[in-house]
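What follows is a single structure, written as structure tokens, with notes after it.
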Amino acid sequence: MRGTLIRGLAGALALGLFWLLLLAAAAGVGPGQPWSPVQPLQLEPGKVHTVFGSAEAAADGLRVDALGARALGLQTWRVSLQAEDYDLLHYRFEGLPRSLAIDLVFRRAAQPENVVTTTLPAPVLGNGTVDLQALPQWRGRITELGFSEYPDPQLVPATAPVEPFVLAGADLEQRSWLGALRLLASDWLGYRPWRQSSINALDEQGPGGHWPLVPVLALGALGSLVLLVWLLRVPPRPALMGVVLGIWLLLDAHWLLRLSQRHGQARAAYAGKSWPERRQFQSDHALVEAAARIKHALVGEPRDRHVLLWADDGFVRGRLGYHLRPLNVGNWTPARGGLRRLASGSLLVVADRGGRWRFDPASDILDLGADAVRARRLWHGGSISLYRVERPSP
Amino acid sequence: MLLAWLAPWLLGSGLWLLADGRPRSPAAWAAALGGGWIVGMLLTSWLLAALAGVVSPRGCVLQLGPWVAAAGALLCALALWRRAPVATGLQGRSRLAPWSRPLVALLALLLLYHAWLVFGEASLRPLFAWDAWLVWSVKPKVWYLLDHWVPFVDTARWLADAGGGAYTDVAPFYPALLGRLQVWFASAAGCWCGPSFMVLWPSLWAAMLLAGYGQLRLLGVAALPAWVATYALGSLPLLNTHAALPGYADVWLGACFALTLLCWLHWQLRRDWRQLALALALGFSMPWIKLEGAVWLCLWLAVLGLGLVPARWRLRCVLGLLVLLAVGLAAGGFALPLPGLGLVHVSLDQVVVPEMSPFALDWHPVLPPLARVLWVLPNWHLLFYLAPLLVAWRWRAAWALPGVNLLGLCLLGGALFLLFLFTCTGAAVWAANYTSSARLLLQWAPALVFYLALLWSARTTQPSQSRSMS
């Protein structure tokens, strides 16, 4: 009886120690590192400069009430520090809406005209940590550092209203056990929104040298199994079943957290809205609007009239094509002289972010490099235009 | 909207009940309701295709729905009241042990939470996934909004045919089975609004789980492994993602492939031709869901043929096929007629599939990204860690258990096909950039989960299977 109790205690201790060491290895900390950072640099919210957006000091930090021009909020600290002295950035936000993405922004003394940006994982319970040494540009003297916030370009329109939130501060730290575990928590548990690539594979590893969750837990399952059978004398079959099911449930709890965070964003954005309102409240709101205007401009045209679509961006081409349906739309890539060969009356939608097309309203000449036709512009908005080819230019 | 949901469900469940007999257990009901939902949806789409000259896209539910519902109700009534119950000799021989009931309750609660999230996400968020709006929803949107089943052709033909009434998109040759279902539900909603058809995807997820659980139990898998397998499948993150972000065909293919194999296994063990008919219906739907379905269909047909051969001749048949393949390749190549794909030409340096660019054959070093998809990214929980371990642990059953060994062979063939596709053809790009490898695995993974459940439960399944084969 006593022997069983001692074996049980030893086994439980061994299991606890094994998981602690595994997590430490996963986080990339070694025995020589301190428990907490030795000389952290605290970036106080009271000293931050609001570059874009409107913000005011609050008891718990800097309260950001609205984004600024181009739907961007930007707050920075003027600093003078050596990048190599700091490994981790720990940041704190309160009430950050899930519709916003945040970037770390910093300026290097070596290239004062450029700012470096990198997307950060959303905070977990208000806290986030990023491995600065994993960023190739985090080198030399840093003169400015801060955060920018903007509506997530894959989820909501740039015009989406933003609830106020608080920037509660940030710390630059050296590596430590605490920092590494925070980094792991930030990467494993932080909110990661749906990406267009999510449907292909869920690739959710943030920057940094720590290990991904699934292999760590698989390794944990193997180690736990060995300890349960060897030290605790649990029969192999129930031990295997228990460990596998336990780890699977743990992974599923993690996945359910991710899924519920993502669904939380959908609820915040779309719950209570009618279908037309939801359709408007998409990241490509501008394309939805443009498609509606083009359809309106083409009312009265024969139903199956061809509409040629040219776009210099794959996403725009696909989404605009979808929104333009049921017009008889087809993607069109002109060969050399192809524009000139278009029949008179052809309808052409051009979504040109790169500025390759030129239209002269005075002469009605639509020009694509060496290729040009006379055309009438039926509608124009932003980088998108609708033309009707009149006849080849003389 | 109720008619749009109920009519196909009644039709499919009626057919399933006719094939399987009056349900005598919750598992049989689960199989009939889940499998029936899938069969009913596939049949409804086929009916829409067959009656395109008669029914209009906007009015199809009102024009066809009552007939489908009446036929379904008649079939259900026939199956429930006129037919003698079919003995389900393999049906689950163990009830849940008292200690496992709280565990099963937990798994059921977790599945309900998954369902809450994926249904909620699919019904709230506008069409999000890339190929959903680029490929799979373009034709149905045009058909529904024009109220006309216009043809789709490739861009070259479309450009040459101004005023001919044809339309185009980026994949005009892709099957339209799912597109017609989208039209069906848009017709019921009376608008082209996403949620009306997007909840089809989480519904398929739920139907696959129901049908899979039921079929496993009817195959003799004990209650606990059947519950665990159902939960394991229902919790796979990539499967959840495809249910929550609707529009892709991979999960439909995965469900059909898995259920084809389970129905065929019933036939293989019980020689019940009605289950074979279900398997054939589901199997032959695959190429019309997505082109890769032709490969899964051919793999299954090969195993189906092998199952008809006496056991002692099977190894020789496989070796003979391999020799034939080698001779064919040495002779400069051969052509294979594949349903849905046409005449596929295979030679040592390329594979040519009609309507697609030739796949040049060459070695591509993409094993690291493939391994990452299987064992590192959070797509599958522990599935691909457990699969080789379980097969190794149960190797005797995997080798010798009648039917299950052929199922394993079919899955092995699928795995080798995927490995060949990604390492030896231009599809390596899709593995290197993670765009397709996990999605193609998703077409195969549900069948793998059910196979592992059969292996796990092999000790209880084997005796009754041996009896049925004798």
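Ordering of the structure tokens sets the chain letters (A, B, ...); residue numbers start at 1 within each chain; ligands are numbered from 1 in the order shown.
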| request: Using only C-alpha atoms, determine which residues lie at most 7 Å from B:Pro175, disregarding the query and same-chain residues fewer than 5 positions distant; provide the list as a list in words. | output: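 Listed by chain and then number, they are Trp288, Ile289 and Lys290 of chain B.
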Can you build me a table of chain A residues sitting at most 7 Å from chain B, with the closest atom pair per residue and its distance in Å to one decimal, using only C-alpha atoms, sorted by chain and residue number, as a tab-separated table?
```
residue	atom	partner	partner_atom	distance
A:Gln196	CA	B:Ala129	CA	6.0
A:Ile199	CA	B:Thr241	CA	6.3
A:Asn200	CA	B:Thr435	CA	5.0
A:Ala201	CA	B:Ala438	CA	5.9
A:Leu202	CA	B:Asn379	CA	5.8
A:Asp203	CA	B:Leu377	CA	5.7
A:Pro212	CA	B:Val376	CA	6.7
A:Val214	CA	B:Val376	CA	5.8
A:Pro215	CA	B:Val376	CA	5.9
A:Trp248	CA	B:His381	CA	6.5
A:Leu251	CA	B:His381	CA	6.2
A:Asp252	CA	B:Ser235	CA	6.6
A:Trp255	CA	B:Pro237	CA	6.7
A:Ser260	CA	B:Leu117	CA	6.6
A:His263	CA	B:Glu121	CA	5.8
A:Ala266	CA	B:Arg125	CA	6.1
A:Tyr270	CA	B:Leu124	CA	6.2
A:Ala271	CA	B:Leu124	CA	6.8
A:Trp275	CA	B:Cys193	CA	6.5
A:Arg278	CA	B:Pro126	CA	6.7
A:Arg279	CA	B:Pro126	CA	6.3
A:Asp304	CA	B:Gly165	CA	5.7
A:Arg305	CA	B:Gly163	CA	6.3
A:His306	CA	B:Ala162	CA	6.4
A:Gly318	CA	B:Leu134	CA	5.4
A:Arg319	CA	B:Trp133	CA	6.9
A:Tyr322	CA	B:Trp133	CA	6.2
A:Arg325	CA	B:Val142	CA	6.0
A:Pro326	CA	B:Val142	CA	4.5
A:Asn328	CA	B:Tyr167	CA	5.8
A:Gly330	CA	B:Thr168	CA	5.9
```
Would you mind exporting the chosen residues as a JSON list (two decimals), in the first residue's frame, restricted to C-alpha atoms?
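Below is the file that was written, again_2.json:
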```json
[["chain", "number", "residue", "atom", "x", "y", "z"],
["A", 196, "GLN", "CA", -8.15, 33.12, -47.31],
["A", 199, "ILE", "CA", -9.45, 26.61, -46.30],
["A", 200, "ASN", "CA", -6.26, 25.06, -47.71],
["A", 201, "ALA", "CA", -4.39, 24.41, -44.49],
["A", 202, "LEU", "CA", -4.47, 25.85, -41.01],
["A", 203, "ASP", "CA", -0.99, 27.28, -40.80],
["A", 212, "PRO", "CA", 4.36, 24.18, -32.84],
["A", 214, "VAL", "CA", 0.68, 19.58, -32.32],
["A", 215, "PRO", "CA", 4.14, 17.93, -32.27],
["A", 248, "TRP", "CA", -6.95, 14.72, -28.45],
["A", 251, "LEU", "CA", -6.06, 19.71, -28.95],
["A", 252, "ASP", "CA", -9.78, 19.94, -29.56],
["A", 255, "TRP", "CA", -9.24, 24.28, -31.70],
["A", 260, "SER", "CA", -15.12, 30.33, -31.09],
["A", 263, "HIS", "CA", -17.05, 32.94, -34.71],
["A", 266, "ALA", "CA", -18.47, 36.89, -37.25],
["A", 270, "TYR", "CA", -22.84, 40.21, -38.84],
["A", 271, "ALA", "CA", -25.27, 39.18, -36.10],
["A", 275, "TRP", "CA", -28.41, 39.57, -45.83],
["A", 278, "ARG", "CA", -24.01, 41.58, -44.49],
["A", 279, "ARG", "CA", -23.15, 41.51, -48.17],
["A", 304, "ASP", "CA", -26.07, 37.82, -72.70],
["A", 305, "ARG", "CA", -23.92, 40.72, -73.91],
["A", 306, "HIS", "CA", -20.24, 39.91, -73.29],
["A", 318, "GLY", "CA", -12.16, 36.98, -59.03],
["A", 319, "ARG", "CA", -14.26, 38.96, -56.60],
["A", 322, "TYR", "CA", -18.35, 37.19, -58.93],
["A", 325, "ARG", "CA", -22.60, 38.14, -62.27],
["A", 326, "PRO", "CA", -25.14, 37.43, -63.72],
["A", 328, "ASN", "CA", -21.99, 37.62, -69.05],
["A", 330, "GLY", "CA", -15.28, 36.73, -68.82]]
```
| task | Assign secondary structure with DSSP using the backbone only, and return the residues of stretch 253-351 of chain A in strand (DSSP E) as a list in words. | result |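 Those residues are His306, Val307, Leu308, Leu309, Trp310, Ala311, Asn328, Val329, Gly330, Asn331, Leu347, Leu348, Val349, Val350 and Ala351 of chain A.
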Please produce an output containing N, CA and C atoms for each residue in the selection, written as a PDB file, in the first residue's frame.
```pdb
ATOM      1  N   HIS A 306     -21.530  40.189 -73.915  1.00  0.00           N
ATOM      2  CA  HIS A 306     -20.237  39.905 -73.289  1.00  0.00           C
ATOM      3  C   HIS A 306     -19.696  41.142 -72.570  1.00  0.00           C
ATOM      4  N   VAL A 307     -19.162  40.930 -71.377  1.00  0.00           N
ATOM      5  CA  VAL A 307     -18.456  41.994 -70.648  1.00  0.00           C
ATOM      6  C   VAL A 307     -17.059  41.454 -70.361  1.00  0.00           C
ATOM      7  N   LEU A 308     -16.056  42.098 -70.939  1.00  0.00           N
ATOM      8  CA  LEU A 308     -14.674  41.645 -70.751  1.00  0.00           C
ATOM      9  C   LEU A 308     -14.126  42.275 -69.472  1.00  0.00           C
ATOM     10  N   LEU A 309     -13.460  41.456 -68.694  1.00  0.00           N
ATOM     11  CA  LEU A 309     -12.931  41.951 -67.415  1.00  0.00           C
ATOM     12  C   LEU A 309     -11.419  41.822 -67.414  1.00  0.00           C
ATOM     13  N   TRP A 310     -10.764  42.954 -67.186  1.00  0.00           N
ATOM     14  CA  TRP A 310      -9.303  42.963 -67.045  1.00  0.00           C
ATOM     15  C   TRP A 310      -8.977  43.494 -65.651  1.00  0.00           C
ATOM     16  N   ALA A 311      -8.152  42.795 -64.929  1.00  0.00           N
ATOM     17  CA  ALA A 311      -7.721  43.280 -63.612  1.00  0.00           C
ATOM     18  C   ALA A 311      -6.289  42.850 -63.386  1.00  0.00           C
ATOM     19  N   ASN A 328     -22.743  38.638 -68.314  1.00  0.00           N
ATOM     20  CA  ASN A 328     -21.992  37.615 -69.051  1.00  0.00           C
ATOM     21  C   ASN A 328     -20.506  38.020 -69.083  1.00  0.00           C
ATOM     22  N   VAL A 329     -19.867  37.876 -67.931  1.00  0.00           N
ATOM     23  CA  VAL A 329     -18.505  38.374 -67.730  1.00  0.00           C
ATOM     24  C   VAL A 329     -17.487  37.283 -68.037  1.00  0.00           C
ATOM     25  N   GLY A 330     -16.388  37.667 -68.621  1.00  0.00           N
ATOM     26  CA  GLY A 330     -15.284  36.730 -68.823  1.00  0.00           C
ATOM     27  C   GLY A 330     -13.966  37.446 -68.641  1.00  0.00           C
ATOM     28  N   ASN A 331     -13.003  36.757 -68.065  1.00  0.00           N
ATOM     29  CA  ASN A 331     -11.676  37.363 -67.902  1.00  0.00           C
ATOM     30  C   ASN A 331     -11.042  37.540 -69.270  1.00  0.00           C
ATOM     31  N   LEU A 347     -17.850  45.761 -74.469  1.00  0.00           N
ATOM     32  CA  LEU A 347     -17.859  46.342 -73.120  1.00  0.00           C
ATOM     33  C   LEU A 347     -16.643  45.832 -72.367  1.00  0.00           C
ATOM     34  N   LEU A 348     -15.975  46.733 -71.694  1.00  0.00           N
ATOM     35  CA  LEU A 348     -14.711  46.386 -71.058  1.00  0.00           C
ATOM     36  C   LEU A 348     -14.666  46.987 -69.651  1.00  0.00           C
ATOM     37  N   VAL A 349     -14.494  46.114 -68.656  1.00  0.00           N
ATOM     38  CA  VAL A 349     -14.302  46.583 -67.276  1.00  0.00           C
ATOM     39  C   VAL A 349     -12.822  46.471 -66.960  1.00  0.00           C
ATOM     40  N   VAL A 350     -12.230  47.560 -66.522  1.00  0.00           N
ATOM     41  CA  VAL A 350     -10.802  47.576 -66.218  1.00  0.00           C
ATOM     42  C   VAL A 350     -10.610  47.915 -64.741  1.00  0.00           C
ATOM     43  N   ALA A 351      -9.951  47.024 -64.015  1.00  0.00           N
ATOM     44  CA  ALA A 351      -9.608  47.295 -62.608  1.00  0.00           C
ATOM     45  C   ALA A 351      -8.091  47.384 -62.550  1.00  0.00           C
TER      46      ALA A 351
END
```
| request: Just give me the gap between atom CA of B:Ala281 and atom CA of B:Trp264 in Å, one decimal is fine. | output: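 Going from atom CA of B:Ala281 over to atom CA of B:Trp264 covers 10.9 Å.
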Residues at most 9 Å from stretch 384-387 of chain A, counting only C-alpha atoms, excluding those fewer than 2 positions away in the same chain, as an mmCIF file with all heavy atoms, in the first residue's frame?
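selection_33.cif was written with the following content:
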```cif
data_model
loop_
_atom_site.group_PDB
_atom_site.id
_atom_site.type_symbol
_atom_site.label_atom_id
_atom_site.label_comp_id
_atom_site.auth_asym_id
_atom_site.auth_seq_id
_atom_site.Cartn_x
_atom_site.Cartn_y
_atom_site.Cartn_z
ATOM 1 N N LEU A 287 -15.591 46.775 -54.048
ATOM 2 C CA LEU A 287 -15.861 46.002 -55.265
ATOM 3 C C LEU A 287 -17.366 45.715 -55.403
ATOM 4 O O LEU A 287 -17.905 45.712 -56.513
ATOM 5 C CB LEU A 287 -15.083 44.689 -55.252
ATOM 6 C CG LEU A 287 -13.563 44.798 -55.291
ATOM 7 C CD1 LEU A 287 -12.925 43.416 -55.270
ATOM 8 C CD2 LEU A 287 -13.109 45.551 -56.531
ATOM 9 N N ALA A 290 -18.767 48.889 -56.703
ATOM 10 C CA ALA A 290 -18.410 49.097 -58.119
ATOM 11 C C ALA A 290 -19.240 48.191 -59.013
ATOM 12 O O ALA A 290 -19.746 48.623 -60.065
ATOM 13 C CB ALA A 290 -16.915 48.821 -58.311
ATOM 14 N N ILE A 294 -21.714 49.313 -62.031
ATOM 15 C CA ILE A 294 -21.519 48.853 -63.419
ATOM 16 C C ILE A 294 -22.796 48.188 -63.932
ATOM 17 O O ILE A 294 -23.238 48.432 -65.061
ATOM 18 C CB ILE A 294 -20.314 47.886 -63.485
ATOM 19 C CG1 ILE A 294 -19.022 48.669 -63.259
ATOM 20 C CG2 ILE A 294 -20.272 47.160 -64.823
ATOM 21 C CD1 ILE A 294 -17.793 47.806 -63.072
ATOM 22 N N ALA A 297 -25.166 50.786 -64.815
ATOM 23 C CA ALA A 297 -24.806 51.471 -66.073
ATOM 24 C C ALA A 297 -25.153 50.628 -67.292
ATOM 25 O O ALA A 297 -25.288 51.152 -68.400
ATOM 26 C CB ALA A 297 -23.314 51.812 -66.067
ATOM 27 N N ALA A 311 -8.152 42.795 -64.929
ATOM 28 C CA ALA A 311 -7.721 43.280 -63.612
ATOM 29 C C ALA A 311 -6.289 42.850 -63.386
ATOM 30 O O ALA A 311 -5.885 41.761 -63.808
ATOM 31 C CB ALA A 311 -8.618 42.725 -62.513
ATOM 32 N N SER A 346 -17.840 46.629 -77.905
ATOM 33 C CA SER A 346 -17.422 45.727 -76.828
ATOM 34 C C SER A 346 -17.433 46.460 -75.496
ATOM 35 O O SER A 346 -17.043 47.630 -75.408
ATOM 36 C CB SER A 346 -16.012 45.197 -77.089
ATOM 37 O OG SER A 346 -16.003 44.389 -78.223
ATOM 38 N N LEU A 347 -17.850 45.761 -74.469
ATOM 39 C CA LEU A 347 -17.859 46.342 -73.120
ATOM 40 C C LEU A 347 -16.643 45.832 -72.367
ATOM 41 O O LEU A 347 -16.346 44.642 -72.388
ATOM 42 C CB LEU A 347 -19.137 45.939 -72.389
ATOM 43 C CG LEU A 347 -20.422 46.515 -72.983
ATOM 44 C CD1 LEU A 347 -21.645 45.842 -72.375
ATOM 45 C CD2 LEU A 347 -20.486 48.027 -72.771
ATOM 46 N N LEU A 348 -15.975 46.733 -71.694
ATOM 47 C CA LEU A 348 -14.711 46.386 -71.058
ATOM 48 C C LEU A 348 -14.666 46.987 -69.651
ATOM 49 O O LEU A 348 -14.819 48.194 -69.471
ATOM 50 C CB LEU A 348 -13.570 46.952 -71.920
ATOM 51 C CG LEU A 348 -12.145 46.734 -71.475
ATOM 52 C CD1 LEU A 348 -11.822 45.251 -71.370
ATOM 53 C CD2 LEU A 348 -11.194 47.385 -72.482
ATOM 54 N N VAL A 349 -14.494 46.114 -68.656
ATOM 55 C CA VAL A 349 -14.302 46.583 -67.276
ATOM 56 C C VAL A 349 -12.822 46.471 -66.960
ATOM 57 O O VAL A 349 -12.226 45.403 -67.139
ATOM 58 C CB VAL A 349 -15.111 45.734 -66.272
ATOM 59 C CG1 VAL A 349 -14.782 46.143 -64.839
ATOM 60 C CG2 VAL A 349 -16.597 45.870 -66.535
ATOM 61 N N VAL A 350 -12.230 47.560 -66.522
ATOM 62 C CA VAL A 350 -10.802 47.576 -66.218
ATOM 63 C C VAL A 350 -10.610 47.915 -64.741
ATOM 64 O O VAL A 350 -11.105 48.943 -64.272
ATOM 65 C CB VAL A 350 -10.068 48.610 -67.103
ATOM 66 C CG1 VAL A 350 -8.621 48.752 -66.671
ATOM 67 C CG2 VAL A 350 -10.142 48.208 -68.572
ATOM 68 N N ALA A 351 -9.951 47.024 -64.015
ATOM 69 C CA ALA A 351 -9.608 47.295 -62.608
ATOM 70 C C ALA A 351 -8.091 47.384 -62.550
ATOM 71 O O ALA A 351 -7.399 46.378 -62.528
ATOM 72 C CB ALA A 351 -10.120 46.172 -61.722
ATOM 73 N N ASP A 352 -7.599 48.606 -62.559
ATOM 74 C CA ASP A 352 -6.178 48.851 -62.823
ATOM 75 C C ASP A 352 -5.539 49.590 -61.645
ATOM 76 O O ASP A 352 -5.541 50.815 -61.601
ATOM 77 C CB ASP A 352 -6.090 49.682 -64.111
ATOM 78 C CG ASP A 352 -4.665 49.996 -64.477
ATOM 79 O OD1 ASP A 352 -3.760 49.227 -64.076
ATOM 80 O OD2 ASP A 352 -4.446 51.015 -65.166
ATOM 81 N N ARG A 353 -5.011 48.823 -60.708
ATOM 82 C CA ARG A 353 -4.355 49.469 -59.569
ATOM 83 C C ARG A 353 -2.966 49.957 -59.930
ATOM 84 O O ARG A 353 -2.437 50.866 -59.322
ATOM 85 C CB ARG A 353 -4.265 48.493 -58.400
ATOM 86 C CG ARG A 353 -5.598 48.195 -57.793
ATOM 87 C CD ARG A 353 -5.459 47.282 -56.620
ATOM 88 N NE ARG A 353 -6.737 47.130 -55.943
ATOM 89 C CZ ARG A 353 -6.923 46.388 -54.874
ATOM 90 N NH1 ARG A 353 -5.932 45.725 -54.340
ATOM 91 N NH2 ARG A 353 -8.109 46.293 -54.322
ATOM 92 N N LEU A 366 -8.584 55.244 -75.281
ATOM 93 C CA LEU A 366 -8.215 54.312 -74.208
ATOM 94 C C LEU A 366 -6.920 53.642 -74.633
ATOM 95 O O LEU A 366 -6.852 53.026 -75.710
ATOM 96 C CB LEU A 366 -9.320 53.271 -74.003
ATOM 97 C CG LEU A 366 -9.051 52.183 -72.969
ATOM 98 C CD1 LEU A 366 -8.890 52.772 -71.566
ATOM 99 C CD2 LEU A 366 -10.190 51.157 -72.966
ATOM 100 N N ALA A 375 -12.844 54.888 -77.172
ATOM 101 C CA ALA A 375 -13.830 54.257 -76.286
ATOM 102 C C ALA A 375 -14.585 55.327 -75.512
ATOM 103 O O ALA A 375 -14.116 56.458 -75.388
ATOM 104 C CB ALA A 375 -13.129 53.323 -75.307
ATOM 105 N N ARG A 376 -15.740 54.947 -75.032
ATOM 106 C CA ARG A 376 -16.514 55.856 -74.192
ATOM 107 C C ARG A 376 -16.515 55.294 -72.774
ATOM 108 O O ARG A 376 -16.753 54.099 -72.589
ATOM 109 C CB ARG A 376 -17.945 55.979 -74.710
ATOM 110 C CG ARG A 376 -18.704 57.172 -74.167
ATOM 111 C CD ARG A 376 -19.748 57.641 -75.187
ATOM 112 N NE ARG A 376 -20.708 56.598 -75.473
ATOM 113 C CZ ARG A 376 -21.812 56.383 -74.733
ATOM 114 N NH1 ARG A 376 -22.048 57.132 -73.672
ATOM 115 N NH2 ARG A 376 -22.669 55.441 -75.063
ATOM 116 N N ARG A 377 -16.199 56.166 -71.829
ATOM 117 C CA ARG A 377 -16.191 55.688 -70.444
ATOM 118 C C ARG A 377 -17.603 55.809 -69.874
ATOM 119 O O ARG A 377 -18.138 56.898 -69.744
ATOM 120 C CB ARG A 377 -15.200 56.494 -69.610
ATOM 121 C CG ARG A 377 -15.017 55.886 -68.229
ATOM 122 C CD ARG A 377 -13.714 56.276 -67.602
ATOM 123 N NE ARG A 377 -13.722 57.678 -67.213
ATOM 124 C CZ ARG A 377 -12.670 58.314 -66.703
ATOM 125 N NH1 ARG A 377 -11.527 57.668 -66.542
ATOM 126 N NH2 ARG A 377 -12.736 59.578 -66.376
ATOM 127 N N LEU A 378 -18.199 54.672 -69.562
ATOM 128 C CA LEU A 378 -19.583 54.665 -69.079
ATOM 129 C C LEU A 378 -19.669 54.877 -67.577
ATOM 130 O O LEU A 378 -20.675 55.352 -67.060
ATOM 131 C CB LEU A 378 -20.256 53.331 -69.430
ATOM 132 C CG LEU A 378 -20.240 52.936 -70.908
ATOM 133 C CD1 LEU A 378 -20.925 51.598 -71.115
ATOM 134 C CD2 LEU A 378 -20.918 54.009 -71.753
ATOM 135 N N TRP A 379 -18.631 54.419 -66.869
ATOM 136 C CA TRP A 379 -18.610 54.612 -65.419
ATOM 137 C C TRP A 379 -17.168 54.558 -64.941
ATOM 138 O O TRP A 379 -16.342 53.825 -65.509
ATOM 139 C CB TRP A 379 -19.435 53.523 -64.713
ATOM 140 C CG TRP A 379 -19.390 53.677 -63.216
ATOM 141 C CD1 TRP A 379 -20.130 54.539 -62.461
ATOM 142 C CD2 TRP A 379 -18.519 52.988 -62.305
ATOM 143 N NE1 TRP A 379 -19.776 54.425 -61.133
ATOM 144 C CE2 TRP A 379 -18.797 53.475 -61.016
ATOM 145 C CE3 TRP A 379 -17.545 52.016 -62.463
ATOM 146 C CZ2 TRP A 379 -18.126 53.024 -59.881
ATOM 147 C CZ3 TRP A 379 -16.881 51.558 -61.345
ATOM 148 C CH2 TRP A 379 -17.175 52.064 -60.062
ATOM 149 N N HIS A 380 -16.888 55.298 -63.882
ATOM 150 C CA HIS A 380 -15.535 55.307 -63.347
ATOM 151 C C HIS A 380 -15.599 55.516 -61.834
ATOM 152 O O HIS A 380 -16.332 56.371 -61.350
ATOM 153 C CB HIS A 380 -14.712 56.433 -63.993
ATOM 154 C CG HIS A 380 -13.359 56.593 -63.376
ATOM 155 N ND1 HIS A 380 -12.377 55.645 -63.505
ATOM 156 C CD2 HIS A 380 -12.843 57.587 -62.610
ATOM 157 C CE1 HIS A 380 -11.311 56.049 -62.835
ATOM 158 N NE2 HIS A 380 -11.569 57.226 -62.295
ATOM 159 N N GLY A 381 -14.878 54.718 -61.106
ATOM 160 C CA GLY A 381 -14.812 54.894 -59.652
ATOM 161 C C GLY A 381 -13.532 54.269 -59.129
ATOM 162 O O GLY A 381 -13.291 53.081 -59.345
ATOM 163 N N GLY A 382 -12.698 55.078 -58.487
ATOM 164 C CA GLY A 382 -11.422 54.562 -57.976
ATOM 165 C C GLY A 382 -10.555 54.040 -59.114
ATOM 166 O O GLY A 382 -10.332 54.748 -60.106
ATOM 167 N N VAL A 389 -16.104 50.155 -76.223
ATOM 168 C CA VAL A 389 -15.190 50.415 -77.336
ATOM 169 C C VAL A 389 -16.005 50.962 -78.502
ATOM 170 O O VAL A 389 -17.024 50.385 -78.881
ATOM 171 C CB VAL A 389 -14.464 49.106 -77.740
ATOM 172 C CG1 VAL A 389 -13.636 49.314 -79.003
ATOM 173 C CG2 VAL A 389 -13.588 48.619 -76.601
#
```
What are the closest atom pairs, with distances in Å to one decimal, for each residue of stretch 242-334 of chain A lying within 10 Å of stretch 222-228 of chain A, using only C-alpha atoms, rows by chain and rising residue number, as CSV?
```
residue,atom,partner,partner_atom,distance
A:Gly242,CA,A:Leu225,CA,8.9
A:Val243,CA,A:Leu225,CA,6.4
A:Val244,CA,A:Leu225,CA,8.8
```
| query | In Å, with one decimal, what is the gap from atom CA of A:Gln42 to atom CA of A:Gly190? | reply | 22.3 Å
| task | Write out as a list in words which residues come within 7 Å of A:Val166 when counting only C-alpha atoms, dropping same-chain ones fewer than 6 positions away. | result |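 These residues fall inside the cut-off: Gly61, Leu62, Arg63, Val64, Phe93, Glu94 and Gly95 of chain A.
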| task | List the neighbours of B:Leu367 out to 12 Å using only C-alpha atoms; skip same-chain residues closer than 2 positions along the sequence, and give me the result as a PyMOL selection string. | result | chain B and resi 363-365+369-375+418-424+428-429+431-432+434+437
| query | So which residues of stretch 338-466 of chain B fall under alpha helix (DSSP H) by DSSP, listed as a PyMOL selection string? | reply | chain B and resi 367-375+383-393+395-400+404-424+428-432+437-442+445-456+458-466
